[in-house]
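Enquirer: Take a look at this one; I'll ask things after.
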Amino acid sequence: MLFPLMCKGGFAQVEEGEKPSLSIVIDDLGNHMNGTEDILNLPVQLTVAIMPFMPSTTADANAAFEKGHEVIVHMPMEPKVGKKSWLGPGAITADLSDEEIRKRVEEAIENVPHAVGMNHHMGSKITEDKRIMQIVLEVCAEKGLFYLDSKTTGKSVIPTLAEELHLPYLENNMFFDDTYSVNHIEKQTQRLENKLKTENSIIAIGHVGVSGPMMVKVLNRHIGHLKENAHIIPLSEQIEGSEWLRQ
């Protein structure tokens, strides 16, 4: 498959005087996590990252799709610090063979209905590993998915590999809830609003789960203002020529 545009520099250009583009990504759906229903009911189009092989994977993906949100696979990957048991089923770990990595990525994509892209859950160790990420991104290219680098490490090999594979990829610009408190999420949202004054396109990631109800509270407070100052769009619309995406 040939892709029309394939790098973080491939954001649709914003003409002078137009609003910037903002994509809000919500991670960790798929396991009946706190805040899921309220997040999906927010009056804005989101991109939701859903973990495969979990109790509510299919239900959450279908609910998100029916409400007009974009769905991507939230692929669990081994971190540098933490236990493999935290990752859940089907995770990508450094001890897997090439064949097993490919198998797990293919199965994960098929397990999340309506998915048009992928990002990673944790993954600071794996996204620095060229052997493993080469396979992950090759499968995404074959299946017609873009990749969002959540930037859980500063040494990610994803940009280099994605460009070599001509795979469309995007990079996270900020997390709402890297600290679990309403005060922090509020400060990050205000920081986002300031960034919208100077930047053409921004991607920001939040989560359901521990911080889910906090995310809902803060986004409900700010969503009107964010809509006034940005075009809030799904991730795929940050990529020119996104009509190639998996349907």
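Going through the structure tokens in order, the chains are called A, B, and so on, while each chain numbers its residues from 1 and the ligands are numbered from 1 in the order shown.
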Using 10 Å as the limit and counting only C-alpha atoms, can you tabulate each residue of region 24-53 of chain A that touches region 208-231 of chain A, with its shortest atom-to-atom distance in Å and the two atoms involved, as a Markdown table?
Expert:
| residue | atom | partner | partner_atom | distance |
| --- | --- | --- | --- | --- |
| A:Ile26 | CA | A:Val208 | CA | 6.8 |
| A:Asp27 | CA | A:Val208 | CA | 6.5 |
| A:Asp28 | CA | A:Val208 | CA | 5.9 |
| A:Leu29 | CA | A:Val208 | CA | 6.5 |
| A:Gly30 | CA | A:Val208 | CA | 9.7 |
| A:Asn31 | CA | A:Gly209 | CA | 9.0 |
| A:His32 | CA | A:Gly209 | CA | 8.5 |
| A:Met33 | CA | A:Gly209 | CA | 4.7 |
| A:Asn34 | CA | A:Gly209 | CA | 4.5 |
| A:Gly35 | CA | A:Gly212 | CA | 4.4 |
| A:Thr36 | CA | A:Val208 | CA | 5.9 |
| A:Glu37 | CA | A:Val208 | CA | 9.5 |
| A:Asp38 | CA | A:Val216 | CA | 6.6 |
| A:Ile39 | CA | A:Val216 | CA | 6.0 |
| A:Leu40 | CA | A:Val216 | CA | 9.6 |
| A:Asn41 | CA | A:Val216 | CA | 9.5 |
| A:Leu42 | CA | A:Asn220 | CA | 7.3 |
| A:Pro43 | CA | A:Ile223 | CA | 8.0 |
| A:Val44 | CA | A:Ile223 | CA | 7.8 |
| A:Val48 | CA | A:Val208 | CA | 9.9 |
Enquirer: If you run DSSP over the backbone, which residues in region 49-221 of chain A end up alpha helix (DSSP H)? Put them as a VMD selection string.
Expert: chain A and resid 57 to 66 98 to 111 130 to 143 158 to 165 182 to 195 212 to 221
Enquirer: Just the residues within 10 Å of Pro76 (chain A), please, counting only C-alpha atoms, with nothing from its chain fewer than 2 positions along; format it as a list in words.
Expert: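 Near Pro76 (chain A), the qualifying residues are Asp28, Met51, Pro52, Val73, His74, Glu78, Pro79, Lys84, Trp86, Leu87, Gly88, Pro89, Gly90, Ala91, Ile92, Thr93, Val105, Ala108, Asn119, His120, His121, Met122, Gly123 and Ile126 of chain A.
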Enquirer: Do you have the CA of Val136 (chain A)-CA of Ala204 (chain A) distance handy?
Expert: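 Between CA of Val136 (chain A) and CA of Ala204 (chain A) the gap works out to 22.8 Å.
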Enquirer: Fewer than 5 positions away in the same chain doesn't count, so skip those; otherwise give me all residues within 9 Å of Leu161 (chain A), counting only C-alpha atoms, as a PyMOL selection string.
Expert: chain A and resi 130+133-134+137+166-167
Enquirer: As a PDB file with C-alpha atoms, in the first residue's frame, which residues of region 62-216 of chain A does DSSP assign to strand (DSSP E)?
Expert:
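Once everything was written out, this is states.pdb:
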ATOM      1  CA  GLU A  70     -12.385   7.810  16.126  1.00  0.00           C
ATOM      2  CA  VAL A  71     -10.987   4.500  17.373  1.00  0.00           C
ATOM      3  CA  ILE A  72      -7.342   3.399  17.553  1.00  0.00           C
ATOM      4  CA  VAL A  73      -5.650   0.347  19.075  1.00  0.00           C
ATOM      5  CA  HIS A  74      -3.946   1.009  22.426  1.00  0.00           C
ATOM      6  CA  MET A  75      -1.213  -1.632  22.087  1.00  0.00           C
ATOM      7  CA  PRO A  76       0.250  -2.715  25.433  1.00  0.00           C
ATOM      8  CA  MET A  77       4.063  -2.647  25.362  1.00  0.00           C
ATOM      9  CA  ALA A 115      -9.626   0.912  14.511  1.00  0.00           C
ATOM     10  CA  VAL A 116      -7.855   3.189  12.003  1.00  0.00           C
ATOM     11  CA  GLY A 117      -4.621   3.755  13.932  1.00  0.00           C
ATOM     12  CA  MET A 118      -2.491   2.610  16.844  1.00  0.00           C
ATOM     13  CA  ASN A 119      -0.591   4.034  19.799  1.00  0.00           C
ATOM     14  CA  HIS A 120       1.092   2.318  22.736  1.00  0.00           C
ATOM     15  CA  HIS A 121       0.164   1.660  26.342  1.00  0.00           C
ATOM     16  CA  MET A 122       3.310   2.291  28.427  1.00  0.00           C
ATOM     17  CA  PHE A 146      -1.364   5.245  11.066  1.00  0.00           C
ATOM     18  CA  TYR A 147       0.727   5.375  14.250  1.00  0.00           C
ATOM     19  CA  LEU A 148       0.647   7.873  17.111  1.00  0.00           C
ATOM     20  CA  ASP A 149       3.880   8.020  19.087  1.00  0.00           C
ATOM     21  CA  TYR A 169       2.724   8.883  12.039  1.00  0.00           C
ATOM     22  CA  LEU A 170       1.962  11.595  14.536  1.00  0.00           C
ATOM     23  CA  GLU A 171       3.536  12.618  17.834  1.00  0.00           C
ATOM     24  CA  MET A 174       1.397  16.864  25.858  1.00  0.00           C
ATOM     25  CA  PHE A 175      -0.396  14.820  28.509  1.00  0.00           C
ATOM     26  CA  SER A 201      -1.745  21.826  15.405  1.00  0.00           C
ATOM     27  CA  ILE A 202      -1.630  20.097  18.782  1.00  0.00           C
ATOM     28  CA  ILE A 203      -2.211  16.547  20.017  1.00  0.00           C
ATOM     29  CA  ALA A 204      -2.993  16.080  23.715  1.00  0.00           C
ATOM     30  CA  ILE A 205      -3.537  12.788  25.548  1.00  0.00           C
ATOM     31  CA  GLY A 206      -5.647  12.036  28.619  1.00  0.00           C
ATOM     32  CA  HIS A 207      -6.906   8.822  30.200  1.00  0.00           C
TER      33      HIS A 207
END
Enquirer: For the atom pair CA of Asn172 (chain A) and CA of Val25 (chain A), what is the interatomic distance in Å to one decimal place?
Expert: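 Distance between the two atoms: 9.1 Å.
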Enquirer: How far is it from CA of Val112 (chain A) to CA of Thr58 (chain A), in Å with one decimal?
Expert: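 Those two atoms sit 6.3 Å apart.
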Enquirer: Give the answer as one residue: which of A:Ile135, A:Ile233, A:Val81, A:Ala141 has the shortest atom-to-atom distance to Pro20 (chain A), using only C-alpha atoms?
Expert: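 Selected residue with least distance to Pro20 (chain A): A:Ile233.
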Enquirer: Which residues come within 10 Å of Glu164 (chain A), counting only C-alpha atoms, excluding same-chain residues fewer than 4 positions away, as a PyMOL selection string?
Expert: chain A and resi 6+134+158-160
Enquirer: For the residues in the current selection, export all heavy atoms as a short mmCIF file (atom, residue, chain, number, x, y, z; two decimals), in the first residue's frame.
Expert:
data_model
loop_
_atom_site.label_atom_id
_atom_site.label_comp_id
_atom_site.auth_asym_id
_atom_site.auth_seq_id
_atom_site.Cartn_x
_atom_site.Cartn_y
_atom_site.Cartn_z
N MET A 6 3.55 10.91 5.20
CA MET A 6 3.99 9.92 6.15
C MET A 6 4.84 10.39 7.31
O MET A 6 5.68 9.67 7.79
CB MET A 6 4.72 8.79 5.41
CG MET A 6 5.88 9.23 4.53
SD MET A 6 5.45 10.17 3.12
CE MET A 6 5.69 9.02 1.81
N GLN A 134 10.08 -2.14 14.23
CA GLN A 134 10.05 -2.38 12.79
C GLN A 134 8.89 -3.30 12.43
O GLN A 134 8.13 -3.05 11.49
CB GLN A 134 11.37 -3.02 12.33
CG GLN A 134 11.43 -3.36 10.84
CD GLN A 134 11.90 -2.22 9.99
OE1 GLN A 134 12.57 -1.31 10.47
NE2 GLN A 134 11.55 -2.25 8.71
N ILE A 158 10.50 5.37 16.58
CA ILE A 158 9.33 5.41 15.70
C ILE A 158 9.48 6.41 14.55
O ILE A 158 9.21 6.06 13.39
CB ILE A 158 8.04 5.67 16.51
CG1 ILE A 158 7.74 4.47 17.39
CG2 ILE A 158 6.86 5.98 15.59
CD1 ILE A 158 6.66 4.70 18.42
N PRO A 159 9.92 7.65 14.78
CA PRO A 159 10.02 8.59 13.66
C PRO A 159 10.89 8.09 12.52
O PRO A 159 10.50 8.13 11.35
CB PRO A 159 10.59 9.85 14.31
CG PRO A 159 10.16 9.77 15.73
CD PRO A 159 10.24 8.32 16.07
N THR A 160 12.07 7.57 12.85
CA THR A 160 12.98 7.09 11.81
C THR A 160 12.40 5.91 11.05
O THR A 160 12.41 5.88 9.81
CB THR A 160 14.33 6.67 12.44
OG1 THR A 160 14.92 7.80 13.07
CG2 THR A 160 15.28 6.13 11.38
#
Enquirer: Kindly indicate which residue among A:Ser97, A:Asn183, A:Ser150, A:Ser21 lies nearest to Lys195 (chain A), using only C-alpha atoms for the distances.
Expert: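 Between A:Ser97, A:Asn183, A:Ser150, A:Ser21, the residue approaching Lys195 (chain A) most closely is A:Ser21.
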